[in-house]
Structure formats: structure tokens, C-alpha cells
$ cat structure_37.cif   # mmCIF, C-alpha atoms and all ligand atoms
data_model
loop_
_atom_site.label_atom_id
_atom_site.label_comp_id
_atom_site.auth_asym_id
_atom_site.auth_seq_id
_atom_site.Cartn_x
_atom_site.Cartn_y
_atom_site.Cartn_z
CA MET R 1 0.00 0.00 0.00
CA ARG R 2 1.44 3.39 -0.95
CA THR R 3 1.82 6.12 1.64
CA ILE R 4 -0.43 9.11 1.05
CA LEU R 5 1.16 12.47 1.80
CA LEU R 6 -1.30 14.92 3.35
CA ASN R 7 1.43 17.49 3.99
CA PRO R 8 1.47 20.57 1.74
CA GLY R 9 4.11 19.31 -0.67
CA PRO R 10 5.94 17.28 -1.72
CA VAL R 11 2.94 15.31 -2.89
CA THR R 12 1.96 11.73 -3.59
CA LEU R 13 2.90 11.29 -7.24
CA SER R 14 0.69 9.74 -9.86
CA ARG R 15 2.13 6.73 -11.64
CA ARG R 16 2.34 8.79 -14.80
CA VAL R 17 4.39 11.57 -13.24
CA ARG R 18 6.67 9.06 -11.54
CA GLN R 19 7.24 7.27 -14.83
CA ALA R 20 8.18 10.54 -16.49
CA LEU R 21 11.26 10.58 -14.26
CA GLN R 22 12.52 7.57 -16.20
CA ARG R 23 12.74 9.30 -19.57
CA GLU R 24 16.16 9.37 -21.18
CA ASP R 25 19.07 11.40 -19.91
CA LEU R 26 19.36 14.79 -21.49
CA CYS R 27 22.01 17.48 -21.73
CA HIS R 28 20.64 20.91 -20.91
CA ARG R 29 22.44 22.37 -23.95
CA GLU R 30 20.68 20.08 -26.45
CA PRO R 31 17.64 21.03 -28.55
CA GLU R 32 15.55 18.30 -26.85
CA PHE R 33 15.99 20.10 -23.53
CA ALA R 34 15.13 23.43 -25.15
CA ALA R 35 11.91 21.92 -26.48
CA LEU R 36 11.02 20.51 -23.06
CA GLN R 37 11.69 23.83 -21.36
CA ASN R 38 9.75 25.80 -23.98
CA ARG R 39 6.82 23.41 -23.67
CA ILE R 40 6.67 23.78 -19.87
CA ARG R 41 6.90 27.58 -20.07
CA GLU R 42 3.98 27.65 -22.51
CA LYS R 43 1.90 25.24 -20.45
CA LEU R 44 2.49 27.26 -17.27
CA LEU R 45 1.15 30.41 -18.93
CA LYS R 46 -1.81 28.42 -20.26
CA VAL R 47 -2.87 27.36 -16.77
CA TYR R 48 -4.17 30.93 -16.28
CA LEU R 49 -4.61 31.74 -19.99
CA LEU R 50 -1.84 34.34 -19.95
CA ASP R 51 -0.61 36.18 -23.02
CA GLN R 52 3.00 35.30 -23.93
CA ASP R 53 3.69 38.85 -25.05
CA LYS R 54 2.81 40.24 -21.65
CA TRP R 55 3.98 37.47 -19.30
CA ALA R 56 7.03 35.24 -19.04
CA ALA R 57 7.56 32.08 -17.02
CA ALA R 58 11.07 31.59 -15.62
CA LEU R 59 11.91 28.02 -14.65
CA MET R 60 14.49 27.47 -11.95
CA THR R 61 15.98 24.59 -10.03
CA GLY R 62 15.16 24.93 -6.36
CA SER R 63 12.25 24.73 -3.94
CA GLY R 64 9.44 27.27 -3.74
CA THR R 65 11.44 29.63 -1.58
CA ALA R 66 13.98 30.05 -4.40
CA ALA R 67 11.22 31.36 -6.65
CA VAL R 68 9.95 33.74 -3.97
CA GLU R 69 13.50 34.94 -3.27
CA SER R 70 14.15 35.42 -6.97
CA MET R 71 10.98 37.47 -7.42
CA ILE R 72 11.67 39.77 -4.46
CA THR R 73 15.39 40.24 -5.02
CA THR R 74 14.98 40.97 -8.72
CA LEU R 75 11.80 43.00 -9.02
CA VAL R 76 12.05 45.56 -6.24
CA PRO R 77 14.02 48.34 -7.97
CA ALA R 78 17.27 49.67 -6.50
CA ASN R 79 15.52 52.68 -4.96
CA GLY R 80 12.29 50.80 -4.34
CA LYS R 81 10.66 49.75 -1.09
CA LEU R 82 8.69 46.64 -0.27
CA LEU R 83 5.66 46.46 2.00
CA VAL R 84 5.00 42.91 3.17
CA ALA R 85 1.43 42.18 4.28
CA GLN R 86 1.88 39.12 6.45
CA ASN R 87 -0.29 36.75 8.49
CA GLY R 88 1.77 33.59 8.73
CA VAL R 89 5.13 31.91 8.33
CA TYR R 90 5.43 32.46 4.59
CA GLY R 91 4.66 36.18 4.77
CA GLU R 92 7.25 36.46 7.52
CA ARG R 93 9.72 34.64 5.27
CA MET R 94 9.32 37.33 2.60
CA THR R 95 10.28 39.96 5.18
CA GLN R 96 13.32 37.84 6.10
CA ILE R 97 14.34 37.72 2.45
CA ALA R 98 14.06 41.50 2.09
CA ASP R 99 16.06 41.97 5.30
CA ARG R 100 18.75 39.51 4.23
CA TYR R 101 19.36 41.44 1.00
CA ALA R 102 19.01 44.84 2.71
CA ILE R 103 16.00 45.73 0.58
CA ALA R 104 14.10 48.62 2.17
CA ASN R 105 10.92 47.18 3.64
CA ALA R 106 8.01 47.68 5.98
CA THR R 107 5.40 45.25 7.25
CA ILE R 108 1.71 45.13 8.01
CA THR R 109 1.17 42.19 10.32
CA ALA R 110 -2.10 40.47 11.11
CA PRO R 111 -2.18 37.69 13.69
CA TRP R 112 -1.88 34.16 12.30
CA GLY R 113 -5.30 33.04 11.19
CA ALA R 114 -6.65 36.60 10.90
CA PRO R 115 -7.30 38.31 7.57
CA ILE R 116 -5.01 40.96 6.12
CA ASP R 117 -6.45 44.43 6.68
CA SER R 118 -6.38 46.11 3.28
CA GLU R 119 -7.33 49.46 4.85
CA ALA R 120 -4.20 49.26 7.00
CA VAL R 121 -2.23 48.61 3.80
CA ALA R 122 -3.89 51.65 2.21
CA ARG R 123 -2.91 53.81 5.19
CA ALA R 124 0.67 52.52 5.04
CA LEU R 125 0.88 53.34 1.34
CA GLU R 126 -0.48 56.83 1.92
CA ALA R 127 1.95 57.45 4.77
CA ASP R 128 4.99 56.19 2.86
CA PRO R 129 5.16 57.11 -0.83
CA ALA R 130 8.56 55.39 -1.09
CA ILE R 131 6.79 52.02 -1.21
CA THR R 132 6.83 50.61 -4.75
CA HIS R 133 5.74 46.99 -4.16
CA VAL R 134 3.42 45.05 -1.88
CA ALA R 135 4.26 41.40 -1.25
CA VAL R 136 1.63 38.99 -0.02
CA VAL R 137 1.02 35.26 0.26
CA HIS R 138 -2.05 34.03 -1.61
CA HIS R 139 -2.74 30.86 0.35
CA GLU R 140 -1.03 31.17 3.73
CA THR R 141 -0.19 27.52 4.31
CA THR R 142 0.47 28.14 8.01
CA THR R 143 -3.27 28.37 8.67
CA GLY R 144 -4.97 27.42 5.41
CA ARG R 145 -6.28 30.94 4.96
CA LEU R 146 -6.82 32.08 1.39
CA ASN R 147 -5.97 35.77 1.58
CA GLU R 148 -8.57 37.92 -0.13
CA LEU R 149 -6.75 39.74 -2.87
CA ASP R 150 -9.59 41.67 -4.51
CA PRO R 151 -9.62 44.46 -1.89
CA LEU R 152 -5.83 44.42 -1.52
CA GLY R 153 -5.38 44.46 -5.31
CA ALA R 154 -7.73 47.45 -5.57
CA VAL R 155 -5.76 49.35 -2.91
CA CYS R 156 -2.46 48.64 -4.70
CA ARG R 157 -3.88 49.66 -8.06
CA GLU R 158 -5.25 52.89 -6.61
CA HIS R 159 -1.82 53.78 -5.21
CA GLY R 160 0.08 52.76 -8.34
CA VAL R 161 1.96 50.04 -6.46
CA ALA R 162 2.77 46.63 -7.95
CA MET R 163 2.15 43.31 -6.20
CA LEU R 164 4.50 40.38 -5.69
CA LEU R 165 2.51 37.23 -4.98
CA ASP R 166 3.66 34.10 -3.22
CA ALA R 167 1.30 31.65 -4.93
CA VAL R 168 3.43 28.64 -4.02
CA SER R 169 0.56 26.72 -2.42
CA SER R 170 -2.28 28.03 -4.62
CA PHE R 171 -0.98 28.02 -8.19
CA GLY R 172 -2.96 25.44 -10.15
CA ALA R 173 -5.88 25.17 -7.72
CA GLU R 174 -7.09 28.67 -6.81
CA ALA R 175 -8.15 31.53 -9.05
CA ILE R 176 -5.39 34.10 -9.61
CA ASP R 177 -6.59 37.30 -11.23
CA PHE R 178 -3.57 38.37 -13.26
CA ASP R 179 -5.57 41.18 -14.85
CA ARG R 180 -7.30 42.84 -11.95
CA TRP R 181 -4.62 42.49 -9.29
CA PRO R 182 -1.65 44.66 -10.31
CA LEU R 183 0.78 41.74 -10.22
CA ALA R 184 4.39 42.29 -11.20
CA ALA R 185 4.97 38.58 -10.66
CA CYS R 186 3.88 35.46 -8.88
CA ALA R 187 6.11 32.69 -7.58
CA ALA R 188 5.21 28.99 -7.36
CA THR R 189 6.60 25.49 -7.47
CA ALA R 190 6.19 22.18 -9.28
CA ASN R 191 5.52 20.06 -6.22
CA LYS R 192 2.41 21.54 -4.68
CA CYS R 193 -0.93 22.00 -6.48
CA LEU R 194 0.67 21.08 -9.83
CA HIS R 195 1.53 17.59 -8.51
CA GLY R 196 5.07 17.51 -9.88
CA VAL R 197 8.33 16.55 -8.21
CA PRO R 198 10.29 18.84 -5.86
CA GLY R 199 13.26 20.49 -7.57
CA THR R 200 11.64 22.86 -10.06
CA CYS R 201 10.14 26.19 -9.14
CA PHE R 202 9.10 29.13 -11.26
CA VAL R 203 8.17 32.78 -11.39
CA ILE R 204 5.60 34.19 -13.77
CA ALA R 205 6.59 37.78 -14.34
CA ARG R 206 5.02 40.64 -16.20
CA ARG R 207 7.50 41.44 -18.96
CA SER R 208 7.19 45.18 -18.38
CA ALA R 209 8.17 44.68 -14.72
CA LEU R 210 11.47 43.11 -15.80
CA GLU R 211 12.55 46.37 -17.43
CA LYS R 212 13.06 47.89 -13.97
CA ALA R 213 14.71 44.80 -12.53
CA ALA R 214 17.52 45.21 -9.98
CA PRO R 215 18.95 41.70 -9.48
CA ARG R 216 20.78 41.35 -6.17
CA SER R 217 21.55 37.65 -6.54
CA LEU R 218 23.38 35.93 -9.38
CA TYR R 219 21.82 32.47 -9.21
CA LEU R 220 18.34 33.86 -8.52
CA ASP R 221 18.42 36.66 -11.10
CA LEU R 222 14.97 36.35 -12.61
CA ALA R 223 15.89 38.59 -15.54
CA ILE R 224 18.68 36.31 -16.79
CA TYR R 225 16.40 33.28 -16.63
CA VAL R 226 13.78 35.03 -18.73
CA SER R 227 16.24 36.31 -21.30
CA ALA R 228 18.07 32.97 -21.61
CA GLN R 229 14.85 30.96 -21.72
CA ASP R 230 13.28 33.27 -24.29
CA GLN R 231 16.18 32.16 -26.48
CA SER R 232 15.65 28.48 -25.59
CA GLY R 233 18.67 28.44 -23.30
CA THR R 234 19.25 28.25 -19.57
CA PRO R 235 21.77 30.20 -17.50
CA PHE R 236 22.59 27.18 -15.30
CA THR R 237 22.16 23.41 -15.24
CA GLN R 238 18.55 22.52 -14.58
CA SER R 239 17.07 19.54 -12.79
CA VAL R 240 16.15 17.78 -16.03
CA GLN R 241 14.21 14.85 -14.56
CA THR R 242 11.97 17.12 -12.51
CA PHE R 243 11.28 19.06 -15.71
CA TYR R 244 10.05 15.83 -17.30
CA ALA R 245 7.79 15.28 -14.32
CA LEU R 246 6.41 18.83 -14.41
CA ASP R 247 5.72 18.54 -18.14
CA GLU R 248 3.65 15.41 -17.49
CA ALA R 249 1.96 16.88 -14.41
CA LEU R 250 0.84 19.91 -16.44
CA ASP R 251 -0.80 17.59 -18.97
CA GLU R 252 -2.57 15.80 -16.15
CA LEU R 253 -3.81 19.13 -14.78
CA ALA R 254 -5.21 20.12 -18.19
CA GLU R 255 -6.93 16.74 -18.56
CA ALA R 256 -8.40 17.08 -15.06
CA GLY R 257 -10.14 20.32 -16.08
CA GLY R 258 -7.41 22.82 -15.25
CA VAL R 259 -7.63 25.06 -12.20
CA ASP R 260 -11.43 24.73 -11.92
CA GLY R 261 -11.30 20.96 -12.10
CA ARG R 262 -8.55 20.72 -9.54
CA ARG R 263 -10.28 23.10 -7.15
CA ALA R 264 -13.55 21.14 -7.40
CA ARG R 265 -11.68 17.91 -6.74
CA TYR R 266 -9.90 19.31 -3.66
CA GLN R 267 -13.15 20.80 -2.37
CA ASN R 268 -15.00 17.48 -2.63
CA CYS R 269 -12.33 15.61 -0.71
CA MET R 270 -12.01 18.40 1.83
CA ARG R 271 -15.75 18.44 2.48
CA ARG R 272 -15.79 14.71 3.13
CA ILE R 273 -12.88 14.90 5.57
CA ARG R 274 -14.22 17.98 7.31
CA SER R 275 -17.60 16.41 7.97
CA ALA R 276 -16.00 13.19 9.21
CA LEU R 277 -13.81 15.21 11.58
CA ARG R 278 -16.79 17.24 12.74
CA GLU R 279 -18.50 14.01 13.75
CA LEU R 280 -15.38 13.17 15.74
CA GLY R 281 -15.60 16.54 17.49
CA VAL R 282 -12.57 18.01 15.72
CA LYS R 283 -12.89 21.72 14.93
CA PRO R 284 -11.29 23.50 11.98
CA LEU R 285 -9.26 26.62 12.72
CA LEU R 286 -11.06 28.67 10.05
CA ASP R 287 -14.51 28.78 8.49
CA ASP R 288 -15.08 27.31 5.05
CA ASP R 289 -15.33 30.68 3.32
CA GLU R 290 -11.94 31.81 4.68
CA SER R 291 -10.10 28.65 3.75
CA SER R 292 -8.30 27.61 0.63
CA CYS R 293 -9.49 24.48 -1.13
CA VAL R 294 -5.98 23.13 -0.67
CA LEU R 295 -5.41 22.73 3.05
CA ARG R 296 -7.25 22.89 6.37
CA ALA R 297 -5.85 23.32 9.84
CA TYR R 298 -7.70 21.51 12.63
CA GLU R 299 -7.48 21.80 16.39
CA ILE R 300 -6.13 18.75 18.17
CA PRO R 301 -8.87 17.61 20.55
CA GLU R 302 -8.24 17.68 24.32
CA HIS R 303 -7.97 13.93 24.64
CA ALA R 304 -5.49 13.55 21.77
CA ASP R 305 -1.81 14.24 21.26
CA TYR R 306 -0.21 15.31 17.96
CA ASP R 307 2.68 12.86 17.92
CA GLU R 308 0.41 9.97 18.76
CA LEU R 309 -2.11 10.98 16.12
CA HIS R 310 0.65 11.39 13.55
CA ASP R 311 2.14 7.98 14.31
CA ARG R 312 -1.19 6.16 14.28
CA LEU R 313 -2.09 7.68 10.93
CA LYS R 314 1.38 6.98 9.60
CA SER R 315 1.04 3.32 10.39
CA ALA R 316 -2.27 3.41 8.48
CA GLY R 317 -0.42 4.94 5.50
CA PHE R 318 -1.16 8.68 5.89
CA ILE R 319 1.24 11.52 6.67
CA ILE R 320 -0.44 14.51 8.31
CA TYR R 321 1.35 17.79 8.98
CA ALA R 322 2.04 19.48 12.31
CA GLY R 323 1.17 23.04 13.21
CA GLN R 324 4.09 25.48 12.85
CA GLY R 325 5.51 27.81 15.51
CA ALA R 326 2.82 28.91 17.94
CA TYR R 327 0.49 26.22 16.58
CA ALA R 328 2.86 23.33 17.27
CA GLY R 329 1.11 20.78 19.43
CA ASP R 330 -2.30 22.49 19.10
CA MET R 331 -3.05 22.04 15.41
CA PHE R 332 -2.64 19.55 12.65
CA ARG R 333 -3.03 20.15 8.95
CA ILE R 334 -4.42 18.12 6.10
CA SER R 335 -3.61 19.06 2.54
CA MET R 336 -5.36 17.64 -0.53
CA MET R 337 -2.48 18.14 -2.98
CA GLY R 338 -1.32 15.14 -4.93
CA ASP R 339 -2.68 11.96 -6.45
CA ILE R 340 -5.32 11.14 -3.82
CA SER R 341 -8.28 8.98 -4.89
CA ASP R 342 -11.79 8.75 -3.41
CA LYS R 343 -10.80 5.39 -2.02
CA ASP R 344 -7.80 6.97 -0.27
CA VAL R 345 -10.13 9.58 1.24
CA GLU R 346 -12.49 6.87 2.54
CA ARG R 347 -9.57 4.97 4.04
CA LEU R 348 -8.38 8.19 5.66
CA VAL R 349 -11.81 8.82 7.16
CA GLU R 350 -11.69 5.36 8.70
CA ALA R 351 -8.14 5.83 9.95
CA LEU R 352 -9.07 9.17 11.55
CA ALA R 353 -12.04 7.58 13.30
CA THR R 354 -9.82 4.80 14.65
CA ALA R 355 -7.07 7.20 15.72
CA LEU R 356 -9.35 9.79 17.32
CA GLY R 357 -12.24 7.66 18.52
CA ARG R 358 -12.52 7.41 22.27
C1 LIG R 401 5.65 25.59 0.52
C2 LIG R 401 5.57 27.06 0.52
C3 LIG R 401 6.67 27.86 0.19
C4 LIG R 401 8.02 27.31 -0.17
O1 LIG R 401 8.54 26.37 0.68
P1 LIG R 401 9.74 25.44 0.18
O2 LIG R 401 10.01 24.59 1.37
O3 LIG R 401 10.85 26.29 -0.23
O4 LIG R 401 9.18 24.67 -0.99
C5 LIG R 401 6.50 29.22 0.11
N1 LIG R 401 5.31 29.79 0.36
C6 LIG R 401 4.21 29.06 0.67
C7 LIG R 401 2.93 29.76 0.89
C8 LIG R 401 4.32 27.67 0.77
O5 LIG R 401 3.23 26.95 1.08
#
$ encode --input "structure_37.cif" --output "C-alpha cells"
Amino acid sequence: MRTILLNPGPVTLSRRVRQALQREDLCHREPEFAALQNRIREKLLKVYLLDQDKWAAALMTGSGTAAVESMITTLVPANGKLLVAQNGVYGERMTQIADRYAIANATITAPWGAPIDSEAVARALEADPAITHVAVVHHETTTGRLNELDPLGAVCREHGVAMLLDAVSSFGAEAIDFDRWPLAACAATANKCLHGVPGTCFVIARRSALEKAAPRSLYLDLAIYVSAQDQSGTPFTQSVQTFYALDEALDELAEAGGVDGRRARYQNCMRRIRSALRELGVKPLLDDDESSCVLRAYEIPEHADYDELHDRLKSAGFIIYAGQGAYAGDMFRISMMGDISDKDVERLVEALATALGR
């Protein structure tokens, strides 16, 4: 029996994606690699029906954080300033990145689990005209909250400020409004909602935003990836096998009905698990309408213990995910990413009942 990963990436691979790893060895300076890379870049833009003249996908070898770091350290101009609107670990990480590279920054912080206050962002932008970019996490994986970007996008647009979006745990499953939100770029990875293998991450950047680029890192210079890849090249060796897997995973996503199909699938599974947990007296951290379709955080009931719950589920073939930081010991998380069948979900429901039943 295969182990089902319910952590937010890496994911349980489909047989098809795993088999793609076995394709033939390839030199990254050969035309076959160029074709593979070009194909993936096109498919990534197609996920959200983006125009190739306006947007460019940059493929990199690294985990999701590499894409986020590349976006921030390239796209905030030399005299620019970043405002990070944060309400979880991944928002805080964007502030750490800005600090590490000495990029001028400010933060608007909401407590974990709470929504981002777009009025507070508006006030910050009014008070500090030096701010050129607002960075925000779309789906804050710490809590499962899907940050509402319509009001925040409107505030940014009104103030003529561009947005940098960490869509690492939403790309492929949640709607991203590339037109209405004034996005300069969004960063994501192969091994979350796209169901690929860890090792490839990417940034989708507005081409016009690259004109003002101020790369502070060599390896993570987004601009050199775009210019090399536009000419079918790559600045550095890429993780070829994970490219194969991503190529296949993107076909699977398209066949599964694209973003809408994947979201519906996650929602169905999530609903089933949530109602089973409700019957067991387990409460979710957030309401349905605040949550992503991708992941839910649940409170660990009084009579249970995280490590014990984890180990019992692990022996039944399921890996759940602990709460981070302040939530450690109090929360557990269940993510729906990956090749998870209805049968797997039913088995999980049974395993949860056995593990949590009194
Ligand atoms: C997973 C994740 C990341 C990146 O984490 P890595 O460990 O570098 O893959 C960044 N942001 C969010 C919101 C995530 O869920």
C-alpha cells in the first residue's frame, strides 16, 4: 500500500508523473531540452490563460522559496521599497528575504489566522510614498487561509503600487486574477498543487516589470532566466528529470479540467474529511469561506496528542502535517495536494475515526 502524503508538498505522485522521471538522460544544452523547457513555459502560462507577449515564465531549479526569493530580489528596484502584508510563516519569510538582501521594507502584520487588513495597507501606502511593491502570500499555508486579494489588489492599483505574490501553495488550484490584481509577478513550485516533483520552481513575471529589474543575486536573477529561456537556453544546469515530471503533471492538470477541475476535486475531498472530523468533534481553525481548497488546519482535541495521532495515521499509511511555531502541538493540517483517490479519502476517514475515537 502506498503512503499518502497529506502534507502541503511534496505530494503523492501519480504513476504517470513518476514514470516521467525515467525518460532518457538529457544534456541541458541540447535542442531536446530546449523543447522541453519551452513546452513547460507555454503550459504554465496556459494554466491561467496568460498572453506570452505580456507574461514570461522563468523556470528554476530549487524549492518554492527560491522562486519567492528570486521574485523579491529581482523585481524591487534599487531605490524601491517593499511592504510585506503578512499573516503567517510564509509572509514572515518574505520579510526575512528582504532583510537579508538589505531591501528597504516595511510590514503590516495580522495575527496568524486573521485576515489581512487592506485598509491598513492603504494607510501605510499613503503614509509612505517610497513604497513601490506590496508582497503577499495568496494561500497562507500556516493556517490554510486564502488571503482575499480583490480588496488588496484594488488598494495597490489605486496607489500605483505593484504586487509580488507568493502563490506557491495556490498556483494550479485557486483563481489568480492576473488582470485585476496589479501583479508584477507570482512565484510557485512544481511540487504543490501542480503535482510535480520537488526540484523545479518558477516565477511568472510581467514582462514590463522586468525592465526595472535590480537583481541582487546571481543564481536567482529572474531577468537572466527570462532572457536565456526566451532564447531556448538556460543560464545554469537545470534539474532535467523534474522538468520531465512537471511537463507530465501539467498535462494531467489540463486533462483534469485545469484550475477549476482541480479546485472542485480538492473541495470534494475536503468536504468529506471535514464532515467526518466534525463528527469526531474536531474543529477546523477557520470557516469554510476563509479557507483555501488546498489545506485545512484543525485543532487537536483535548484527549489527543499530535505525535500519537501522527504515528497512528502513519502506520495506516497517511502523513499529516504538524502546526508550525505557535500552533505546534495544538493544530494539525491536512492538505489535498497530490494523487489522492476517493478510495484513499475513505480509508483516511476510517483511519481518523480509529485514531481519534474514544
Ligand atoms: C511551501 C511554501 C513555500 C516554499 O517552501 P519550500 O520549502 O521552499 O518549498 C513558500 N510559500 C508558501 C505559501 C508555501 O506553502
$ closest_residue --input "structure_37.cif" --among "R:Leu13, R:Ala355, R:Ile319, R:Leu75" --to "Pro215 of chain R" --atoms "all atoms listed in the file"
R:Leu75
$ closest_atom_pairs --input "structure_37.cif" --of "chain R" --to "ligand LIG 401 (chain R)" --cutoff "9 Å" --atoms "all atoms listed in the file" --output "tab-separated table"
residue	atom	partner	partner_atom	distance
R:Pro8	CA	R:LIG401	C1	6.6
R:Gly9	CA	R:LIG401	C1	6.6
R:Pro10	CA	R:LIG401	O4	8.1
R:Gly62	CA	R:LIG401	O3	7.6
R:Ser63	CA	R:LIG401	O4	4.3
R:Gly64	CA	R:LIG401	O4	3.8
R:Thr65	CA	R:LIG401	O3	3.7
R:Ala66	CA	R:LIG401	O3	6.4
R:Ala67	CA	R:LIG401	O3	8.2
R:Val68	CA	R:LIG401	C5	7.0
R:Gly88	CA	R:LIG401	C7	8.8
R:Val89	CA	R:LIG401	C7	8.1
R:Tyr90	CA	R:LIG401	N1	5.0
R:Gly91	CA	R:LIG401	C7	7.7
R:Arg93	CA	R:LIG401	C5	8.1
R:Met94	CA	R:LIG401	N1	8.8
R:Val137	CA	R:LIG401	C7	5.9
R:His138	CA	R:LIG401	C7	7.0
R:His139	CA	R:LIG401	C7	5.8
R:Glu140	CA	R:LIG401	C7	5.1
R:Thr141	CA	R:LIG401	O5	4.7
R:Thr142	CA	R:LIG401	O5	7.6
R:Asp166	CA	R:LIG401	N1	5.8
R:Ala167	CA	R:LIG401	C7	6.3
R:Val168	CA	R:LIG401	C6	4.8
R:Ser169	CA	R:LIG401	O5	4.4
R:Ser170	CA	R:LIG401	C7	7.8
R:Ala187	CA	R:LIG401	C5	8.4
R:Ala188	CA	R:LIG401	C5	7.6
R:Thr189	CA	R:LIG401	O4	7.0
R:Asn191	CA	R:LIG401	O4	7.9
R:Lys192	CA	R:LIG401	C1	7.3
R:Pro198	CA	R:LIG401	O4	7.7
R:Gly199	CA	R:LIG401	O4	8.8
R:Cys201	CA	R:LIG401	O4	8.3
$ residues_around --input "structure_37.cif" --residues "Ser232 of chain R" --least-positions-apart "3" --cutoff "7 Å" --atoms "all atoms listed in the file" --output "list in words"
Ala34, Asn38, Ala228 and Gln229 of chain R
$ closest_residue --input "structure_37.cif" --among "R:Val76, R:Ala184, R:Ala304, R:Ile224" --to "Met331 of chain R" --atoms "all atoms listed in the file"
R:Ala304
$ closest_residue --input "structure_37.cif" --among "R:Leu44, R:Lys54, R:Ile131, R:Ile116" --to "Ser208 of chain R" --atoms "all atoms listed in the file"
R:Lys54
$ atom_distance --input "structure_37.cif" --atom1 "atom CA of Pro111 of chain R" --atom2 "atom CA of His133 of chain R"
21.6 Å
$ closest_residue --input "structure_37.cif" --among "R:Ala124, R:Leu218, R:Leu250, R:Ala135" --to "Glu42 of chain R" --atoms "only C-alpha atoms"
R:Leu250
